[in-house]
file model_2.pdb (PDB, C-alpha atoms)
ATOM      1  CA  MET A1330      12.390  22.850  56.642
ATOM      2  CA  LYS A1331       9.791  24.748  54.667
ATOM      3  CA  ILE A1332      12.137  24.825  51.655
ATOM      4  CA  LEU A1333      12.709  21.084  51.949
ATOM      5  CA  ARG A1334       8.988  20.463  52.180
ATOM      6  CA  VAL A1335       8.334  22.537  49.051
ATOM      7  CA  ARG A1336      11.032  20.610  47.224
ATOM      8  CA  ASP A1337       9.552  17.349  48.423
ATOM      9  CA  LEU A1338       6.121  18.415  47.233
ATOM     10  CA  ILE A1339       7.492  19.393  43.827
ATOM     11  CA  ALA A1340       9.329  16.086  43.524
ATOM     12  CA  PHE A1341       6.228  14.177  44.552
ATOM     13  CA  ALA A1342       4.121  16.089  42.027
ATOM     14  CA  LEU A1343       6.603  15.373  39.247
ATOM     15  CA  LEU A1344       6.687  11.712  40.208
ATOM     16  CA  CYS A1345       2.885  11.521  40.100
ATOM     17  CA  ALA A1346       2.800  13.289  36.745
ATOM     18  CA  SER A1347       5.385  10.981  35.207
ATOM     19  CA  THR A1348       3.631   7.922  36.612
ATOM     20  CA  LEU A1349       0.308   9.129  35.229
ATOM     21  CA  ALA A1350       1.874   9.815  31.852
ATOM     22  CA  ALA A1351       3.444   6.367  31.772
ATOM     23  CA  GLY A1352       0.148   4.777  32.735
ATOM     24  CA  THR A1353      -1.658   6.708  30.017
ATOM     25  CA  SER A1354       0.951   5.639  27.479
ATOM     26  CA  LEU A1355       0.617   2.009  28.484
ATOM     27  CA  ALA A1356      -3.156   2.214  28.413
ATOM     28  CA  ALA A1357      -3.330   3.871  24.985
ATOM     29  CA  ASP A1358      -4.159   1.380  22.254
ATOM     30  CA  PRO A1359      -1.936   1.970  19.211
ATOM     31  CA  LEU A1360      -4.290  -0.118  17.045
ATOM     32  CA  PRO A1361      -7.816   0.876  18.151
ATOM     33  CA  SER A1362      -9.498  -0.321  14.932
ATOM     34  CA  TRP A1363      -8.240  -3.868  15.466
ATOM     35  CA  ASN A1364     -10.158  -6.433  17.466
ATOM     36  CA  ASP A1365      -8.156  -8.036  20.256
ATOM     37  CA  GLY A1366      -6.881 -11.340  18.987
ATOM     38  CA  ALA A1367      -3.955 -13.255  17.549
ATOM     39  CA  ALA A1368      -3.404 -10.940  14.550
ATOM     40  CA  LYS A1369      -3.243  -7.738  16.570
ATOM     41  CA  LYS A1370      -1.137  -9.406  19.242
ATOM     42  CA  SER A1371       1.354 -10.683  16.681
ATOM     43  CA  ILE A1372       1.992  -7.116  15.483
ATOM     44  CA  THR A1373       2.428  -5.505  18.895
ATOM     45  CA  GLU A1374       4.507  -8.360  20.300
ATOM     46  CA  PHE A1375       6.858  -8.294  17.326
ATOM     47  CA  VAL A1376       7.310  -4.523  17.487
ATOM     48  CA  GLY A1377       7.895  -4.766  21.218
ATOM     49  CA  LYS A1378      10.638  -7.367  20.998
ATOM     50  CA  VAL A1379      12.560  -5.756  18.126
ATOM     51  CA  THR A1380      12.508  -2.253  19.622
ATOM     52  CA  ARG A1381      13.231  -3.098  23.275
ATOM     53  CA  PRO A1382      16.900  -2.463  24.169
ATOM     54  CA  GLY A1383      18.446  -5.580  25.643
ATOM     55  CA  SER A1384      16.031  -7.890  23.819
ATOM     56  CA  PRO A1385      17.749 -10.770  21.987
ATOM     57  CA  ASP A1386      15.633  -9.779  18.973
ATOM     58  CA  PHE A1387      16.491  -6.066  19.133
ATOM     59  CA  VAL A1388      16.800  -4.399  15.712
ATOM     60  CA  PRO A1389      18.697  -1.089  15.460
ATOM     61  CA  ALA A1390      16.568   1.774  14.160
ATOM     62  CA  PRO A1391      18.323   2.078  10.755
ATOM     63  CA  GLU A1392      17.458  -1.556  10.042
ATOM     64  CA  ARG A1393      13.768  -1.233  10.926
ATOM     65  CA  ILE A1394      12.388  -1.433   7.408
ATOM     66  CA  ALA A1395       8.727  -2.301   6.778
ATOM     67  CA  VAL A1396       7.347  -2.768   3.264
ATOM     68  CA  PHE A1397       3.693  -2.646   2.231
ATOM     69  CA  ASP A1398       1.924  -3.661  -0.924
ATOM     70  CA  ASN A1399      -0.657  -1.020  -1.869
ATOM     71  CA  ASP A1400      -3.637  -2.446  -3.791
ATOM     72  CA  GLY A1401      -5.664  -4.676  -1.487
ATOM     73  CA  THR A1402      -3.278  -4.103   1.414
ATOM     74  CA  LEU A1403      -3.525  -0.367   2.093
ATOM     75  CA  TRP A1404      -6.568   0.508  -0.032
ATOM     76  CA  THR A1405      -9.281  -1.269  -1.973
ATOM     77  CA  GLU A1406      -8.548  -3.030  -5.260
ATOM     78  CA  GLN A1407     -12.076  -4.138  -6.142
ATOM     79  CA  PRO A1408     -13.970  -4.269  -8.387
ATOM     80  CA  LEU A1409     -10.908  -2.958 -10.281
ATOM     81  CA  PRO A1410      -7.585  -1.486  -9.135
ATOM     82  CA  VAL A1411      -7.775   2.283  -8.746
ATOM     83  CA  GLN A1412      -5.106   2.931 -11.359
ATOM     84  CA  LEU A1413      -7.125   0.978 -13.905
ATOM     85  CA  TYR A1414     -10.080   3.323 -13.329
ATOM     86  CA  PHE A1415      -7.660   6.174 -13.937
ATOM     87  CA  ALA A1416      -6.550   4.607 -17.229
ATOM     88  CA  ILE A1417     -10.156   4.032 -18.321
ATOM     89  CA  ASP A1418     -11.047   7.665 -17.678
ATOM     90  CA  ARG A1419      -7.917   8.732 -19.554
ATOM     91  CA  VAL A1420      -9.047   6.696 -22.579
ATOM     92  CA  LYS A1421     -12.357   8.539 -22.576
ATOM     93  CA  ALA A1422     -10.630  11.918 -22.225
ATOM     94  CA  LEU A1423      -8.118  11.190 -25.011
ATOM     95  CA  ALA A1424     -10.555   9.470 -27.403
ATOM     96  CA  PRO A1425     -11.271  12.605 -29.512
ATOM     97  CA  GLN A1426      -7.552  12.682 -30.395
ATOM     98  CA  HIS A1427      -7.597   8.991 -31.413
ATOM     99  CA  PRO A1428     -10.416   8.168 -33.852
ATOM    100  CA  GLU A1429      -8.708   4.813 -34.496
ATOM    101  CA  TRP A1430      -9.681   3.710 -30.991
ATOM    102  CA  LYS A1431     -13.292   3.260 -32.108
ATOM    103  CA  THR A1432     -12.278  -0.022 -33.732
ATOM    104  CA  GLN A1433      -9.025  -0.844 -31.924
ATOM    105  CA  GLU A1434      -9.024  -3.041 -28.801
ATOM    106  CA  PRO A1435      -8.951  -2.703 -25.862
ATOM    107  CA  PHE A1436      -9.973   0.919 -26.448
ATOM    108  CA  ALA A1437     -13.102   0.180 -28.511
ATOM    109  CA  SER A1438     -14.632  -1.943 -25.746
ATOM    110  CA  ILE A1439     -13.769   0.634 -23.082
ATOM    111  CA  LEU A1440     -15.502   3.356 -25.074
ATOM    112  CA  LYS A1441     -18.545   1.064 -25.365
ATOM    113  CA  GLY A1442     -18.512   0.419 -21.622
ATOM    114  CA  ASP A1443     -17.666  -3.271 -22.065
ATOM    115  CA  LEU A1444     -14.851  -3.644 -19.529
ATOM    116  CA  LYS A1445     -15.048  -7.428 -19.468
ATOM    117  CA  ASN A1446     -14.190  -7.661 -23.160
ATOM    118  CA  ALA A1447     -11.628  -4.865 -22.877
ATOM    119  CA  LEU A1448      -9.700  -6.817 -20.262
ATOM    120  CA  ALA A1449     -10.095 -10.179 -21.988
ATOM    121  CA  GLY A1450      -6.706  -9.588 -23.581
ATOM    122  CA  GLY A1451      -5.031 -10.082 -20.220
ATOM    123  CA  GLU A1452      -1.660  -8.560 -19.385
ATOM    124  CA  HIS A1453      -1.000  -7.521 -22.992
ATOM    125  CA  ALA A1454      -4.189  -5.443 -23.049
ATOM    126  CA  LEU A1455      -3.341  -3.853 -19.714
ATOM    127  CA  VAL A1456       0.148  -2.879 -20.847
ATOM    128  CA  GLU A1457      -1.240  -1.404 -24.071
ATOM    129  CA  LEU A1458      -3.812   0.542 -22.080
ATOM    130  CA  VAL A1459      -1.242   1.941 -19.664
ATOM    131  CA  MET A1460       1.209   2.914 -22.387
ATOM    132  CA  ALA A1461      -1.461   4.797 -24.315
ATOM    133  CA  THR A1462      -2.735   6.702 -21.285
ATOM    134  CA  HIS A1463       0.335   7.202 -19.081
ATOM    135  CA  ALA A1464       2.969   8.271 -21.624
ATOM    136  CA  GLY A1465       3.559  11.134 -24.017
ATOM    137  CA  MET A1466       3.887  13.856 -21.386
ATOM    138  CA  THR A1467       6.434  15.125 -18.896
ATOM    139  CA  THR A1468       6.605  13.791 -15.364
ATOM    140  CA  ASP A1469       5.300  17.117 -14.018
ATOM    141  CA  GLU A1470       2.350  17.032 -16.410
ATOM    142  CA  PHE A1471       1.541  13.472 -15.420
ATOM    143  CA  GLU A1472       1.642  14.353 -11.716
ATOM    144  CA  THR A1473      -0.861  17.163 -12.304
ATOM    145  CA  ILE A1474      -3.158  14.837 -14.260
ATOM    146  CA  VAL A1475      -3.110  12.282 -11.428
ATOM    147  CA  LYS A1476      -3.828  14.886  -8.742
ATOM    148  CA  ASP A1477      -6.664  16.445 -10.751
ATOM    149  CA  TRP A1478      -8.242  13.036 -11.361
ATOM    150  CA  LEU A1479      -8.059  11.975  -7.712
ATOM    151  CA  ALA A1480      -9.689  15.246  -6.666
ATOM    152  CA  THR A1481     -12.955  14.198  -8.330
ATOM    153  CA  ALA A1482     -12.836  10.426  -8.962
ATOM    154  CA  LYS A1483     -15.177   8.277  -6.857
ATOM    155  CA  HIS A1484     -15.363   4.569  -6.079
ATOM    156  CA  PRO A1485     -18.255   3.005  -8.061
ATOM    157  CA  LYS A1486     -19.717   1.091  -5.103
ATOM    158  CA  THR A1487     -19.432   3.566  -2.233
ATOM    159  CA  GLY A1488     -19.312   6.914  -4.017
ATOM    160  CA  LYS A1489     -16.384   7.884  -1.805
ATOM    161  CA  PRO A1490     -13.194   9.476  -3.134
ATOM    162  CA  PHE A1491     -10.633   6.763  -3.775
ATOM    163  CA  THR A1492      -8.340   8.361  -1.205
ATOM    164  CA  GLU A1493     -10.976   7.562   1.433
ATOM    165  CA  MET A1494     -11.077   3.901   0.395
ATOM    166  CA  VAL A1495      -7.976   3.250   2.488
ATOM    167  CA  TYR A1496      -7.984   0.792   5.372
ATOM    168  CA  GLN A1497      -8.099   2.476   8.764
ATOM    169  CA  PRO A1498      -6.464  -0.485  10.574
ATOM    170  CA  MET A1499      -3.507  -0.330   8.194
ATOM    171  CA  LEU A1500      -3.175   3.432   8.617
ATOM    172  CA  GLU A1501      -2.825   2.714  12.324
ATOM    173  CA  VAL A1502      -0.139   0.097  11.664
ATOM    174  CA  LEU A1503       1.819   2.591   9.561
ATOM    175  CA  ALA A1504       1.646   5.232  12.297
ATOM    176  CA  TYR A1505       2.476   2.696  15.022
ATOM    177  CA  LEU A1506       5.565   1.468  13.195
ATOM    178  CA  ARG A1507       6.848   4.976  12.502
ATOM    179  CA  ALA A1508       6.334   5.876  16.158
ATOM    180  CA  ASN A1509       8.631   2.942  16.960
ATOM    181  CA  GLY A1510      11.445   3.954  14.665
ATOM    182  CA  PHE A1511      10.444   2.071  11.520
ATOM    183  CA  LYS A1512      10.763   3.480   8.024
ATOM    184  CA  THR A1513       7.714   2.486   5.968
ATOM    185  CA  PHE A1514       7.826   1.832   2.212
ATOM    186  CA  ILE A1515       5.216   1.070  -0.428
ATOM    187  CA  VAL A1516       6.272  -1.749  -2.767
ATOM    188  CA  SER A1517       3.508  -2.107  -5.320
ATOM    189  CA  GLY A1518       2.805  -3.427  -8.783
ATOM    190  CA  GLY A1519       1.083  -0.097  -9.399
ATOM    191  CA  GLY A1520       2.796   2.757 -11.149
ATOM    192  CA  ILE A1521       5.438   4.499  -9.066
ATOM    193  CA  GLU A1522       4.537   7.909 -10.506
ATOM    194  CA  PHE A1523       0.824   7.255 -10.084
ATOM    195  CA  MET A1524       1.284   6.705  -6.323
ATOM    196  CA  ARG A1525       3.913   9.302  -5.458
ATOM    197  CA  PRO A1526       1.727  12.433  -5.908
ATOM    198  CA  TRP A1527      -0.612  11.433  -3.053
ATOM    199  CA  SER A1528       1.137   8.797  -0.903
ATOM    200  CA  GLU A1529       2.432  11.258   1.683
ATOM    201  CA  ALA A1530      -0.922  12.986   2.207
ATOM    202  CA  VAL A1531      -2.844   9.694   2.439
ATOM    203  CA  TYR A1532      -0.370   7.326   4.126
ATOM    204  CA  GLY A1533       2.357   9.562   5.519
ATOM    205  CA  ILE A1534       4.802   7.839   3.155
ATOM    206  CA  PRO A1535       6.961  10.352   1.240
ATOM    207  CA  PRO A1536       7.544   9.864  -2.505
ATOM    208  CA  GLU A1537      11.125   8.707  -2.041
ATOM    209  CA  GLN A1538       9.768   5.725  -0.061
ATOM    210  CA  VAL A1539       7.401   4.610  -2.830
ATOM    211  CA  ILE A1540       8.494   1.764  -5.111
ATOM    212  CA  GLY A1541       6.397   0.637  -8.065
ATOM    213  CA  SER A1542       6.288  -0.317 -11.696
ATOM    214  CA  SER A1543       7.692   2.248 -14.107
ATOM    215  CA  ILE A1544       7.842   3.205 -17.743
ATOM    216  CA  VAL A1545      10.897   4.441 -19.604
ATOM    217  CA  THR A1546      11.673   8.106 -18.931
ATOM    218  CA  LYS A1547      14.191  10.315 -20.706
ATOM    219  CA  PHE A1548      15.715  13.758 -20.161
ATOM    220  CA  GLU A1549      14.984  16.525 -22.686
ATOM    221  CA  MET A1550      15.314  20.271 -23.046
ATOM    222  CA  ARG A1551      11.992  21.826 -24.028
ATOM    223  CA  ASP A1552      11.842  25.561 -24.681
ATOM    224  CA  GLY A1553      15.061  25.912 -22.722
ATOM    225  CA  GLU A1554      13.679  24.015 -19.723
ATOM    226  CA  PRO A1555      14.973  20.622 -18.501
ATOM    227  CA  VAL A1556      12.162  18.039 -18.316
ATOM    228  CA  LEU A1557      11.680  14.294 -17.966
ATOM    229  CA  VAL A1558       9.472  12.768 -20.659
ATOM    230  CA  ARG A1559       7.470   9.565 -20.177
ATOM    231  CA  LEU A1560       7.769   7.105 -23.076
ATOM    232  CA  PRO A1561       5.350   4.281 -24.030
ATOM    233  CA  GLU A1562       7.709   1.497 -23.004
ATOM    234  CA  LEU A1563       7.737  -0.611 -19.840
ATOM    235  CA  ASN A1564      10.834  -0.061 -17.734
ATOM    236  CA  PHE A1565      10.206  -2.344 -14.731
ATOM    237  CA  ASN A1566       7.310  -4.508 -13.542
ATOM    238  CA  ASP A1567       7.304  -4.354  -9.738
ATOM    239  CA  ASP A1568       5.223  -7.448  -9.109
ATOM    240  CA  LYS A1569       5.854 -10.975  -7.823
ATOM    241  CA  ALA A1570       9.579 -11.787  -8.181
ATOM    242  CA  GLY A1571      10.194  -8.192  -9.218
ATOM    243  CA  LYS A1572       9.403  -6.911  -5.735
ATOM    244  CA  PRO A1573      12.491  -8.293  -3.951
ATOM    245  CA  VAL A1574      14.635  -7.007  -6.824
ATOM    246  CA  ALA A1575      13.127  -3.531  -6.490
ATOM    247  CA  ILE A1576      13.561  -3.574  -2.703
ATOM    248  CA  HIS A1577      17.242  -4.381  -3.140
ATOM    249  CA  GLN A1578      17.689  -1.673  -5.779
ATOM    250  CA  HIS A1579      15.728   1.101  -4.071
ATOM    251  CA  ILE A1580      16.191   0.412  -0.342
ATOM    252  CA  GLY A1581      19.415  -1.581  -0.081
ATOM    253  CA  ARG A1582      18.281  -3.311   3.115
ATOM    254  CA  ARG A1583      16.220  -6.464   3.548
ATOM    255  CA  PRO A1584      12.942  -5.598   5.335
ATOM    256  CA  VAL A1585      12.163  -7.005   8.761
ATOM    257  CA  MET A1586       8.390  -6.622   8.215
ATOM    258  CA  ALA A1587       6.361  -7.179   5.050
ATOM    259  CA  PHE A1588       2.629  -6.741   4.434
ATOM    260  CA  GLY A1589       0.659  -7.982   1.421
ATOM    261  CA  ASN A1590      -2.610  -9.600   0.399
ATOM    262  CA  SER A1591      -2.137 -11.778  -2.665
ATOM    263  CA  ASN A1592       0.036 -14.105  -4.731
ATOM    264  CA  GLY A1593       1.747 -11.044  -6.165
ATOM    265  CA  ASP A1594       3.254 -10.380  -2.735
ATOM    266  CA  GLN A1595       4.474 -13.902  -1.967
ATOM    267  CA  GLN A1596       8.071 -13.381  -3.077
ATOM    268  CA  MET A1597       8.318 -10.124  -1.125
ATOM    269  CA  LEU A1598       7.261 -11.912   2.064
ATOM    270  CA  GLU A1599       9.583 -14.834   1.325
ATOM    271  CA  TYR A1600      12.495 -12.443   0.787
ATOM    272  CA  THR A1601      11.716 -10.723   4.076
ATOM    273  CA  GLN A1602      11.539 -14.014   5.956
ATOM    274  CA  GLY A1603      14.839 -15.157   4.450
ATOM    275  CA  GLY A1604      16.841 -12.653   6.476
ATOM    276  CA  SER A1605      18.500 -13.375   9.799
ATOM    277  CA  GLY A1606      16.962 -12.443  13.132
ATOM    278  CA  ALA A1607      13.326 -11.696  13.905
ATOM    279  CA  ARG A1608      11.028 -11.308  10.876
ATOM    280  CA  PHE A1609       7.339 -10.550  10.466
ATOM    281  CA  MET A1610       5.109 -11.330   7.485
ATOM    282  CA  LEU A1611       1.393 -10.511   7.185
ATOM    283  CA  LEU A1612      -1.327 -11.075   4.599
ATOM    284  CA  VAL A1613      -4.702  -9.312   4.547
ATOM    285  CA  PHE A1614      -7.503 -11.736   3.690
ATOM    286  CA  HIS A1615     -10.588 -10.143   2.144
ATOM    287  CA  ASP A1616     -13.560 -12.012   3.607
ATOM    288  CA  ASP A1617     -15.956  -9.160   4.438
ATOM    289  CA  GLU A1618     -18.675  -8.891   1.804
ATOM    290  CA  GLN A1619     -20.703  -6.453   3.894
ATOM    291  CA  ARG A1620     -18.096  -3.798   4.623
ATOM    292  CA  GLU A1621     -15.815  -4.317   1.603
ATOM    293  CA  TYR A1622     -15.455  -7.434  -0.598
ATOM    294  CA  ALA A1623     -14.989 -11.170  -0.144
ATOM    295  CA  TYR A1624     -12.676 -12.851  -2.619
ATOM    296  CA  GLY A1625      -9.993 -15.473  -2.652
ATOM    297  CA  PRO A1626     -10.353 -18.238  -3.720
ATOM    298  CA  ALA A1627      -8.733 -19.438  -0.498
ATOM    299  CA  ARG A1628     -11.109 -20.708   2.180
ATOM    300  CA  GLY A1629     -13.971 -21.250  -0.235
ATOM    301  CA  LEU A1630     -14.329 -17.676  -1.501
ATOM    302  CA  ARG A1631     -14.909 -16.860  -5.159
ATOM    303  CA  ASN A1632     -11.974 -16.346  -7.454
ATOM    304  CA  VAL A1633     -11.061 -13.033  -9.036
ATOM    305  CA  ALA A1634      -8.444 -12.051 -11.566
ATOM    306  CA  VAL A1635      -7.136  -9.297  -9.293
ATOM    307  CA  GLY A1636      -5.684  -9.855  -5.839
ATOM    308  CA  ALA A1637      -5.848 -13.643  -5.920
ATOM    309  CA  PHE A1638      -5.327 -15.189  -2.478
ATOM    310  CA  THR A1639      -5.068 -18.823  -3.530
ATOM    311  CA  PRO A1640      -5.354 -21.955  -1.381
ATOM    312  CA  GLU A1641      -1.656 -22.540  -2.108
ATOM    313  CA  LEU A1642      -0.743 -19.133  -0.673
ATOM    314  CA  ASP A1643      -2.960 -19.796   2.334
ATOM    315  CA  GLU A1644      -1.167 -23.088   2.975
ATOM    316  CA  HIS A1645       2.212 -21.427   2.485
ATOM    317  CA  ALA A1646       1.300 -18.770   5.059
ATOM    318  CA  ARG A1647       0.208 -21.380   7.606
ATOM    319  CA  LYS A1648       3.331 -23.498   7.077
ATOM    320  CA  ASP A1649       5.746 -20.575   7.444
ATOM    321  CA  GLY A1650       3.951 -18.896  10.337
ATOM    322  CA  TRP A1651       2.805 -15.773   8.519
ATOM    323  CA  THR A1652       0.032 -13.753  10.140
ATOM    324  CA  VAL A1653      -3.201 -13.884   8.110
ATOM    325  CA  VAL A1654      -5.625 -11.080   8.940
ATOM    326  CA  SER A1655      -9.340 -11.711   8.539
ATOM    327  CA  MET A1656     -10.867  -8.408   7.508
ATOM    328  CA  LYS A1657     -14.202  -9.617   8.881
ATOM    329  CA  GLY A1658     -12.914 -10.973  12.179
ATOM    330  CA  ASP A1659      -9.869  -8.858  13.003
ATOM    331  CA  TRP A1660     -10.957  -5.337  12.032
ATOM    332  CA  LYS A1661     -13.486  -3.322  14.019
ATOM    333  CA  ARG A1662     -13.787  -0.941  11.102
ATOM    334  CA  VAL A1663     -12.505  -1.001   7.555
ATOM    335  CA  PHE A1664     -12.476   2.592   6.299
ATOM    336  CA  PRO A1665     -11.725   5.847   8.143
ATOM    337  CA  ARG A1666     -15.347   6.944   7.843
TER     338      ARG A1666
END
call {"tool": "encode", "arguments": {"input": "model_2.pdb", "output": "structure tokens"}}
result
Amino acid sequence: MKILRVRDLIAFALLCASTLAAGTSLAADPLPSWNDGAAKKSITEFVGKVTRPGSPDFVPAPERIAVFDNDGTLWTEQPLPVQLYFAIDRVKALAPQHPEWKTQEPFASILKGDLKNALAGGEHALVELVMATHAGMTTDEFETIVKDWLATAKHPKTGKPFTEMVYQPMLEVLAYLRANGFKTFIVSGGGIEFMRPWSEAVYGIPPEQVIGSSIVTKFEMRDGEPVLVRLPELNFNDDKAGKPVAIHQHIGRRPVMAFGNSNGDQQMLEYTQGGSGARFMLLVFHDDEQREYAYGPARGLRNVAVGAFTPELDEHARKDGWTVVSMKGDWKRVFPR
């Protein structure tokens, strides 16, 4: 009898422990930086129904693909995209080797500190700027340059390292999805080799799950060593309609979840929605002037050349049932600290 009682006590203790653990798990908020509301609920309800065995919307783990834009979705893109600051600093560092830049645009204006005029040339000026500052070295050399720059570069408004200008609520979404069997990818118009050196440390996304724009790269033997050399020629522009193409080429599966913030992400969200079964699409709307920036021009906010969330995109999101996150209303906090 004593043995049976001991066994009963052990069983009871184990039952209590498992019940307590289950209760703690249920009580734990996977998205603590999100205010309770429709946006947060849409995320957790979707994840619940596609990961619950027996659910009519169940998605097998290998098919749980979630794609995220980077600039304006995972970290700040104002007043300029981070990679553009990198290119500007590279112009200043390389200027002594290029005396012709003193009179050649967009370099001359950058060296004078006139960014508005430097960028007046639009996409052509941006491509010229990137080619001049991102090419002419091996891939290993470029990775070192990026890491060294990020170690000291600071955001002009906050003075924080750019790697701290990431959105805490989105970091929680990334972790929550991975905890539920999702594989998370970056699909960005930014440079693939600009993002890969730091994406794993900042987002937990390994380099092989980063997709971005690229320049032409070729294999060479230098001093008996095999290297990849970056050439001043655009290979692929991973923006707008290019994003679904890149997803198909790099992932080979249509995502079931897609996250963006601007017109440049529309086709990626449309491609995601076009698949069969349950699908989830989300746009981050920047409407928090106090904690970050407010820009649109959807919903009466001012227009900007970067990260445009237009009234047409806003209407498209409403019509197709996409979740639109108000940074001001849906996020308790914006940055990790």
call {"tool": "atom_distance", "arguments": {"input": "model_2.pdb", "atom1": "atom CA of A:Ala1607", "atom2": "atom CA of A:Leu1503"}}
result
18.9 Å
call {"tool": "closest_residue", "arguments": {"input": "model_2.pdb", "among": "A:Ser1591, A:Thr1513, A:Gln1596, A:Gln1412", "to": "A:Glu1392", "atoms": "all atoms listed in the file"}}
result
A:Thr1513
call {"tool": "resolve_selection", "arguments": {"input": "model_2.pdb", "expression": "the PyMOL selection byres ((chain A and resi 1468) around 9)", "output": "PyMOL selection string"}}
result
chain A and resi 1466-1467+1469-1473+1522+1546+1556-1559
call {"tool": "axis_aligned_box", "arguments": {"input": "model_2.pdb", "around": "stretch 1468-1471 of chain A", "padding_each_side": "8 Å", "output": "JSON"}}
result
{"center_x": 4.1, "center_y": 15.3, "center_z": -15.2, "size_x": 21.1, "size_y": 19.6, "size_z": 18.4}
call {"tool": "closest_residue", "arguments": {"input": "model_2.pdb", "among": "A:Gly1518, A:Gly1450, A:Pro1359, A:Pro1640", "to": "A:Ile1372", "atoms": "all atoms listed in the file"}}
result
A:Pro1359
